[in-house]
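*Asks:* Please find one structure pasted underneath; my questions will follow.
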Amino acid sequence: MSFKRMLPLLLLLPILIWAADSDKNFRIAPTMFKEGVLMEPVANMAIVKKEKMILSESPMVPLRPNIMFMRHKKGPKEYLWFSGPVDVKNFERLHAFSLAENYLKPAEVMLLRFYGSQTSRAFQDEADIYFDKEYLYSPRVPKLYFRKNGQWQMIQETERPGIISIKSDIKGLEAISISVPMKEVPSLVYPLNPGMYAFSLSAPNYLPYVDAISVPGGSMVELKPQLPVVDTASKVKATTSVTLHAVAVAKTLEETEHLFDVLSREVQTTVEKVDTNEFDKIYPPIRKPLLLGVSSDDSVYIKYRKRYNGKREEAKLYWRMNRMGSASAVNVALRRKIDSLQALPHRVSLVPTAIDPVYDENACEEVIDSAATLAALKQDSIAKANAKKVAAKDSSAKDSVAAPAEPPAPKTKRVCKMKAVRINYGRQGDRYDVSWVGNAEGYTADSLLVLLKGTPSRAFFSIERNKPVWIYHEGDLKGRHHYRYQKFELVVKDKPVASHGSFELPSYIFDEPEVQEWLNRPIEEEAHKVQEPQAKTIKVDDNGASLDVSMKVPRVIRDRDRGTVALIDSGTFRYKGKVVALSPYAIHTTEVTQQFFKDVMAKIDSTKRIKDRSSFTGARHPVHNITWNDAQAFCKAIGGDLPTEAQWEFAGRADNNEGALWNLDENPDPGVYAIYKANSYSLGKKNPAYGPQPVSTKKSNAWGIFDMSGNVAEWTRDKYFMFSVWVESSNPTGAMMGSSKVYKGGSWKDKESLLNLTERDDEDPRYWSDAIGFRCAFPRDLFEGK
């Protein structure tokens, strides 16, 4: 930069030095948390006070549901944790801040200090901050600030969540949430976003029932379950071949289920004789959507209505059977026996019914299809021969015969790399209908497929409880199917083979509400226990395709004309202290290489070609010594543009708030991710590691994108202006004024602090350097269908 351009910076140097101070003082070191301390009185405390509140352990992440944590600052370097149920009265005085809406995660906010203003010093943070699994709260201020990546970040106040209080005198009442994942439903349920919530309710000697309630924001509502009592009066005589003795001697769940089916068929005709008018009078009606504040086609209401109707039919059958004399006693005994057997863990051995390869759609290439090419050449030869025969017969056409056509281009086919093996066990309708997708230690996916195809194998499945889902259709039982798979043990030639992978359930099992509730159950209460690795369970559609609805790493496309890109979905992130949204786009996974640059230039008009002036040469080395103008021209030549600073930073940080990726590792080391001063420039010109290195030689970020920190810094599309403070909420595009351009990421010449992905620098668009290169971004729709 010229001295004139640097003068404003020199005048602001004291401020900039202060602003660039380390974030460390604005975080709480784990050593600052003290243990074994009695709670001192705190006014209007939002957790229920006890006579002697002893310091609790630091909360586990993710936070346990229905427990509020309080972080109390006792001194500049002393903090205490306390936890307990919510004090509803004081809870309603808190200012709430949604972690999700403010793009924050529980793990990172635990150790952040929070402030009431941006002028606060490091030790002037708020004394009391409350946390639960989805929100943090301040008893004092409606705005909170924290410091990260060298700048102040503001978090916006959101609507305080609601609370449901379940009040009932019914002994043994069990409530299961069908709206939100919840292992156990306590008497006080929170935090709950405003909306409709539904619960499946049951208790001994009561009919099962599903109830719903509307929860407003920021306050508590009461749910008072009204379960109908089981009535055994007015009994109708019914006979059954199933005896209490047969129930008692049944050894397996399958035997007991068979007896239950026999009982159900035999009493069916008698059941019809029981007048259900009385049942209709005592069973609570379904809640109307208008009273719950939703429409009839609301997804939560549809789920509630489906569960209500199912439980009502179950309750009606239970009510009828309890009014039929001796059959009623057999029914009660069978249900108790089934419940006891279903509570036991289960392990079963199964043999495969099919074994198939699983291909990596992100690792495909077009190769010549020899068979198709030969067939096309043969067809072309026949066509030409026929044309000559026609021309020979028709002398008048000889002079008009066209010149021989070019031979057909070689045919290609898409070939993808095999990444795993899918082993199917059972068939549709079987008690065990499940697939396992994965790999085995010591085998490639290809070699494992060959082994399993040619060698007898079996697998042991460990199941949490011997409780299958009972699937009904129009009141008739259609099948019972297991779904609580937890562990897979592969055995080949009677020898165990270590394996890792995931279970897949067919859609007709996966979509059952009971299955969904189990799959989505919280597991944080077990987080402190040492557990064996468990395979996740995902859905398979009717065509056998996996449907994993969890967040995925961006799909990588290898495009012949535009290079290798990651397809980035729309999303939000914290950018320059503000939560902003980005539309979908694609971005190169590496800096533009010299070979790719050469290939592109060879295809375009010679008058528009750009010369590669890179001084450190190599096919996989990044292009450098390139101006902003030439970098943008290259990107436009292949249908893209330089990424905006926001696009570049979102792709580089890969869905987290940390600017230095290595800070997320257990042993932070920038050298794992970046080529920078310590492992390049400082080694001297005689060392081969001096200068930019081939792309993707260091570890990628979580999205498979390489060299965002170090190697060469990268031009972005945005203008730079020193006093620009405005950031758009959607798809930010940088300053409106200014002539210089922003570049990001640091280079092989820079020290660690300049590698932070939130850092930026600027230069004249005509400037070039052996430390600056680029990558391109593209509209997402250019790659649709690929």
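Ordering of the structure tokens sets the chain letters (A, B, ...), residue numbers begin anew at 1 in every chain, and ligands are numbered from 1 in the order given.
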Using DSSP on the backbone, list every residue of segment 270-339 of chain A that comes out as helix (DSSP H, G or I), and give them as a PyMOL selection string.
*Replies:* chain A and resi 270-271+277-282+289-292+299-321+326-339
*Asks:* Here is a test: counting only C-alpha atoms, which residue of A:Arg160, A:His258, A:Lys741, A:Lys686 is nearest to Gly217 of chain A?
*Replies:*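 Among A:Arg160, A:His258, A:Lys741, A:Lys686, it is A:Arg160 that comes nearest to Gly217 of chain A.
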*Asks:* Using only C-alpha atoms, determine which residues lie at most 10 Å from Gly745 of chain A, disregarding the query and same-chain residues fewer than 3 positions distant; provide the list as a PDB file with N, CA, C and O atoms, in the first residue's frame.
*Replies:*
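Written output follows (out_22.pdb):
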```pdb
ATOM      1  N   TRP A 648     -17.285 -17.060   0.590  1.00  0.00           N
ATOM      2  CA  TRP A 648     -15.968 -17.641   0.852  1.00  0.00           C
ATOM      3  C   TRP A 648     -15.847 -18.057   2.322  1.00  0.00           C
ATOM      4  O   TRP A 648     -15.412 -19.166   2.626  1.00  0.00           O
ATOM      5  N   GLU A 649     -16.274 -17.181   3.218  1.00  0.00           N
ATOM      6  CA  GLU A 649     -16.118 -17.451   4.643  1.00  0.00           C
ATOM      7  C   GLU A 649     -17.054 -18.564   5.115  1.00  0.00           C
ATOM      8  O   GLU A 649     -16.677 -19.408   5.944  1.00  0.00           O
ATOM      9  N   GLY A 652     -15.545 -21.777   4.050  1.00  0.00           N
ATOM     10  CA  GLY A 652     -14.320 -22.083   4.787  1.00  0.00           C
ATOM     11  C   GLY A 652     -14.560 -22.531   6.213  1.00  0.00           C
ATOM     12  O   GLY A 652     -13.917 -23.460   6.700  1.00  0.00           O
ATOM     13  N   GLY A 659     -13.021 -19.234  13.602  1.00  0.00           N
ATOM     14  CA  GLY A 659     -12.305 -18.781  12.418  1.00  0.00           C
ATOM     15  C   GLY A 659     -11.048 -19.566  12.127  1.00  0.00           C
ATOM     16  O   GLY A 659     -10.563 -19.588  10.999  1.00  0.00           O
ATOM     17  N   ALA A 674      -2.860 -25.938   7.215  1.00  0.00           N
ATOM     18  CA  ALA A 674      -2.397 -24.788   6.431  1.00  0.00           C
ATOM     19  C   ALA A 674      -0.911 -24.845   6.112  1.00  0.00           C
ATOM     20  O   ALA A 674      -0.090 -25.312   6.908  1.00  0.00           O
ATOM     21  N   ASP A 707      -7.382 -25.839   1.832  1.00  0.00           N
ATOM     22  CA  ASP A 707      -6.505 -24.666   1.727  1.00  0.00           C
ATOM     23  C   ASP A 707      -7.213 -23.333   1.864  1.00  0.00           C
ATOM     24  O   ASP A 707      -6.775 -22.324   1.300  1.00  0.00           O
ATOM     25  N   MET A 708      -8.301 -23.301   2.630  1.00  0.00           N
ATOM     26  CA  MET A 708      -8.942 -22.009   2.870  1.00  0.00           C
ATOM     27  C   MET A 708      -8.055 -21.148   3.777  1.00  0.00           C
ATOM     28  O   MET A 708      -8.102 -19.917   3.701  1.00  0.00           O
ATOM     29  N   SER A 709      -7.278 -21.782   4.629  1.00  0.00           N
ATOM     30  CA  SER A 709      -6.268 -21.071   5.410  1.00  0.00           C
ATOM     31  C   SER A 709      -4.903 -21.404   4.821  1.00  0.00           C
ATOM     32  O   SER A 709      -4.546 -22.579   4.680  1.00  0.00           O
ATOM     33  N   GLY A 710      -4.142 -20.388   4.448  1.00  0.00           N
ATOM     34  CA  GLY A 710      -2.787 -20.609   3.980  1.00  0.00           C
ATOM     35  C   GLY A 710      -2.668 -20.992   2.521  1.00  0.00           C
ATOM     36  O   GLY A 710      -3.609 -20.889   1.735  1.00  0.00           O
ATOM     37  N   ASN A 711      -1.460 -21.428   2.130  1.00  0.00           N
ATOM     38  CA  ASN A 711      -1.024 -21.708   0.763  1.00  0.00           C
ATOM     39  C   ASN A 711      -0.987 -20.388  -0.010  1.00  0.00           C
ATOM     40  O   ASN A 711       0.022 -19.707   0.027  1.00  0.00           O
ATOM     41  N   VAL A 712      -2.071 -20.014  -0.703  1.00  0.00           N
ATOM     42  CA  VAL A 712      -2.136 -18.646  -1.235  1.00  0.00           C
ATOM     43  C   VAL A 712      -3.412 -18.002  -0.708  1.00  0.00           C
ATOM     44  O   VAL A 712      -4.429 -18.673  -0.560  1.00  0.00           O
ATOM     45  N   ALA A 713      -3.331 -16.712  -0.400  1.00  0.00           N
ATOM     46  CA  ALA A 713      -4.546 -15.976  -0.058  1.00  0.00           C
ATOM     47  C   ALA A 713      -5.412 -15.902  -1.319  1.00  0.00           C
ATOM     48  O   ALA A 713      -4.926 -16.132  -2.432  1.00  0.00           O
ATOM     49  N   GLU A 714      -6.697 -15.565  -1.153  1.00  0.00           N
ATOM     50  CA  GLU A 714      -7.603 -15.676  -2.297  1.00  0.00           C
ATOM     51  C   GLU A 714      -8.448 -14.425  -2.460  1.00  0.00           C
ATOM     52  O   GLU A 714      -9.027 -13.914  -1.494  1.00  0.00           O
ATOM     53  N   TRP A 715      -8.518 -13.984  -3.718  1.00  0.00           N
ATOM     54  CA  TRP A 715      -9.362 -12.842  -4.049  1.00  0.00           C
ATOM     55  C   TRP A 715     -10.829 -13.171  -3.808  1.00  0.00           C
ATOM     56  O   TRP A 715     -11.268 -14.299  -4.040  1.00  0.00           O
ATOM     57  N   ASP A 750       2.402 -15.895   5.771  1.00  0.00           N
ATOM     58  CA  ASP A 750       1.759 -15.256   6.917  1.00  0.00           C
ATOM     59  C   ASP A 750       1.866 -16.087   8.194  1.00  0.00           C
ATOM     60  O   ASP A 750       1.899 -17.319   8.160  1.00  0.00           O
ATOM     61  N   LEU A 754      -2.981 -14.517  11.042  1.00  0.00           N
ATOM     62  CA  LEU A 754      -3.547 -14.021   9.790  1.00  0.00           C
ATOM     63  C   LEU A 754      -4.239 -15.115   8.987  1.00  0.00           C
ATOM     64  O   LEU A 754      -4.807 -14.847   7.928  1.00  0.00           O
ATOM     65  N   LEU A 755      -4.181 -16.359   9.482  1.00  0.00           N
ATOM     66  CA  LEU A 755      -4.845 -17.466   8.787  1.00  0.00           C
ATOM     67  C   LEU A 755      -6.305 -17.584   9.192  1.00  0.00           C
ATOM     68  O   LEU A 755      -7.054 -18.373   8.604  1.00  0.00           O
ATOM     69  N   ASN A 756      -6.726 -16.844  10.215  1.00  0.00           N
ATOM     70  CA  ASN A 756      -8.107 -16.910  10.676  1.00  0.00           C
ATOM     71  C   ASN A 756      -9.052 -16.552   9.524  1.00  0.00           C
ATOM     72  O   ASN A 756      -8.868 -15.556   8.840  1.00  0.00           O
ATOM     73  N   LEU A 757     -10.066 -17.375   9.335  1.00  0.00           N
ATOM     74  CA  LEU A 757     -10.952 -17.210   8.184  1.00  0.00           C
ATOM     75  C   LEU A 757     -11.803 -15.947   8.260  1.00  0.00           C
ATOM     76  O   LEU A 757     -12.407 -15.548   7.259  1.00  0.00           O
ATOM     77  N   THR A 758     -11.890 -15.333   9.417  1.00  0.00           N
ATOM     78  CA  THR A 758     -12.653 -14.082   9.533  1.00  0.00           C
ATOM     79  C   THR A 758     -11.780 -12.858   9.244  1.00  0.00           C
ATOM     80  O   THR A 758     -12.301 -11.750   9.119  1.00  0.00           O
ATOM     81  N   GLU A 759     -10.465 -13.056   9.137  1.00  0.00           N
ATOM     82  CA  GLU A 759      -9.563 -11.943   8.815  1.00  0.00           C
ATOM     83  C   GLU A 759      -9.720 -11.559   7.350  1.00  0.00           C
ATOM     84  O   GLU A 759     -10.142 -12.360   6.513  1.00  0.00           O
ATOM     85  N   ARG A 760      -9.347 -10.316   7.025  1.00  0.00           N
ATOM     86  CA  ARG A 760      -9.440  -9.855   5.632  1.00  0.00           C
ATOM     87  C   ARG A 760      -8.334  -8.846   5.375  1.00  0.00           C
ATOM     88  O   ARG A 760      -7.806  -8.206   6.296  1.00  0.00           O
ATOM     89  N   ASP A 761      -7.977  -8.719   4.127  1.00  0.00           N
ATOM     90  CA  ASP A 761      -7.044  -7.670   3.701  1.00  0.00           C
ATOM     91  C   ASP A 761      -7.551  -7.156   2.361  1.00  0.00           C
ATOM     92  O   ASP A 761      -8.525  -7.689   1.809  1.00  0.00           O
ATOM     93  N   ILE A 772      -0.944 -14.520  -3.575  1.00  0.00           N
ATOM     94  CA  ILE A 772      -2.388 -14.386  -3.810  1.00  0.00           C
ATOM     95  C   ILE A 772      -2.809 -15.212  -5.024  1.00  0.00           C
ATOM     96  O   ILE A 772      -2.202 -15.120  -6.089  1.00  0.00           O
TER      97      ILE A 772
END
```
*Asks:* So that I can see what lies close to Lys453 of chain A, please list as a short mmCIF file (atom, residue, chain, number, x, y, z; two decimals) with C-alpha atoms, in the first residue's frame the residues with an atom at most 10 Å from it, counting only C-alpha atoms and leaving out residues fewer than 6 positions away in the same chain.
*Replies:*
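Generated file (selection_34.cif):
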```cif
data_model
loop_
_atom_site.label_atom_id
_atom_site.label_comp_id
_atom_site.auth_asym_id
_atom_site.auth_seq_id
_atom_site.Cartn_x
_atom_site.Cartn_y
_atom_site.Cartn_z
CA ALA A 354 -29.08 -60.13 -0.65
CA ILE A 355 -25.66 -58.46 -0.88
CA ASP A 356 -25.12 -55.39 -3.08
CA SER A 447 -12.86 -57.05 -1.54
#
```
*Asks:* Near Asp764 of chain A, counting only C-alpha atoms, which residues have an atom at most 7 Å away, once you skip same-chain residues fewer than 2 positions from it, shown as a ChimeraX atom specification?
*Replies:* /A:739-741,766-767
*Asks:* If we count only C-alpha atoms and set the cut-off at 9 Å, which residues sit around Lys303 of chain A, ignoring sequence neighbours fewer than 3 positions away in its own chain? Please answer as a PDB file with N, CA, C and O atoms, in the first residue's frame.
*Replies:*
```
ATOM      1  N   ILE A 178     -45.301 -36.851  21.743  1.00  0.00           N
ATOM      2  CA  ILE A 178     -45.313 -37.180  20.319  1.00  0.00           C
ATOM      3  C   ILE A 178     -45.035 -35.943  19.477  1.00  0.00           C
ATOM      4  O   ILE A 178     -45.200 -35.956  18.265  1.00  0.00           O
ATOM      5  N   SER A 179     -44.596 -34.863  20.138  1.00  0.00           N
ATOM      6  CA  SER A 179     -44.279 -33.623  19.429  1.00  0.00           C
ATOM      7  C   SER A 179     -42.783 -33.363  19.399  1.00  0.00           C
ATOM      8  O   SER A 179     -42.243 -32.928  18.385  1.00  0.00           O
ATOM      9  N   ALA A 198     -48.411 -32.472  21.900  1.00  0.00           N
ATOM     10  CA  ALA A 198     -49.302 -33.609  22.152  1.00  0.00           C
ATOM     11  C   ALA A 198     -48.575 -34.688  22.930  1.00  0.00           C
ATOM     12  O   ALA A 198     -47.352 -34.865  22.793  1.00  0.00           O
ATOM     13  N   ASP A 298     -51.948 -28.882   9.518  1.00  0.00           N
ATOM     14  CA  ASP A 298     -50.663 -28.694  10.200  1.00  0.00           C
ATOM     15  C   ASP A 298     -50.041 -30.061  10.482  1.00  0.00           C
ATOM     16  O   ASP A 298     -50.723 -31.000  10.905  1.00  0.00           O
ATOM     17  N   SER A 299     -48.742 -30.206  10.239  1.00  0.00           N
ATOM     18  CA  SER A 299     -48.085 -31.512  10.353  1.00  0.00           C
ATOM     19  C   SER A 299     -48.165 -32.077  11.770  1.00  0.00           C
ATOM     20  O   SER A 299     -48.369 -33.279  11.959  1.00  0.00           O
ATOM     21  N   VAL A 300     -48.027 -31.200  12.786  1.00  0.00           N
ATOM     22  CA  VAL A 300     -48.110 -31.678  14.170  1.00  0.00           C
ATOM     23  C   VAL A 300     -49.535 -32.124  14.485  1.00  0.00           C
ATOM     24  O   VAL A 300     -49.747 -33.153  15.145  1.00  0.00           O
ATOM     25  N   LYS A 306     -53.666 -38.708  14.084  1.00  0.00           N
ATOM     26  CA  LYS A 306     -53.400 -40.106  13.760  1.00  0.00           C
ATOM     27  C   LYS A 306     -53.177 -40.919  15.026  1.00  0.00           C
ATOM     28  O   LYS A 306     -53.718 -42.017  15.191  1.00  0.00           O
ATOM     29  N   ARG A 307     -52.385 -40.360  15.962  1.00  0.00           N
ATOM     30  CA  ARG A 307     -52.126 -41.076  17.217  1.00  0.00           C
ATOM     31  C   ARG A 307     -53.385 -41.153  18.069  1.00  0.00           C
ATOM     32  O   ARG A 307     -53.636 -42.160  18.742  1.00  0.00           O
ATOM     33  N   TYR A 308     -54.187 -40.089  18.086  1.00  0.00           N
ATOM     34  CA  TYR A 308     -55.432 -40.091  18.856  1.00  0.00           C
ATOM     35  C   TYR A 308     -56.351 -41.201  18.348  1.00  0.00           C
ATOM     36  O   TYR A 308     -56.894 -41.992  19.137  1.00  0.00           O
ATOM     37  N   PRO A 513     -45.047 -44.089  13.878  1.00  0.00           N
ATOM     38  CA  PRO A 513     -44.799 -43.122  14.958  1.00  0.00           C
ATOM     39  C   PRO A 513     -43.983 -43.701  16.108  1.00  0.00           C
ATOM     40  O   PRO A 513     -43.101 -43.036  16.651  1.00  0.00           O
TER      41      PRO A 513
END
```
*Asks:* Name the residues of segment 215-262 of chain A that come out as strand (DSSP E) in a backbone DSSP run; write them as number ranges by chain.
*Replies:* A: 215, 220-223
*Asks:* Selected residues, C-alpha atoms, written as a tab-separated table (two decimals), in the first residue's frame, please.
*Replies:*
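Saved to again.tsv:
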```tsv
chain	number	residue	atom	x	y	z
A	215	VAL	CA	-48.40	-23.29	24.45
A	220	MET	CA	-46.82	-21.62	31.69
A	221	VAL	CA	-49.94	-23.62	30.80
A	222	GLU	CA	-51.38	-26.59	32.67
A	223	LEU	CA	-52.26	-29.94	31.14
```
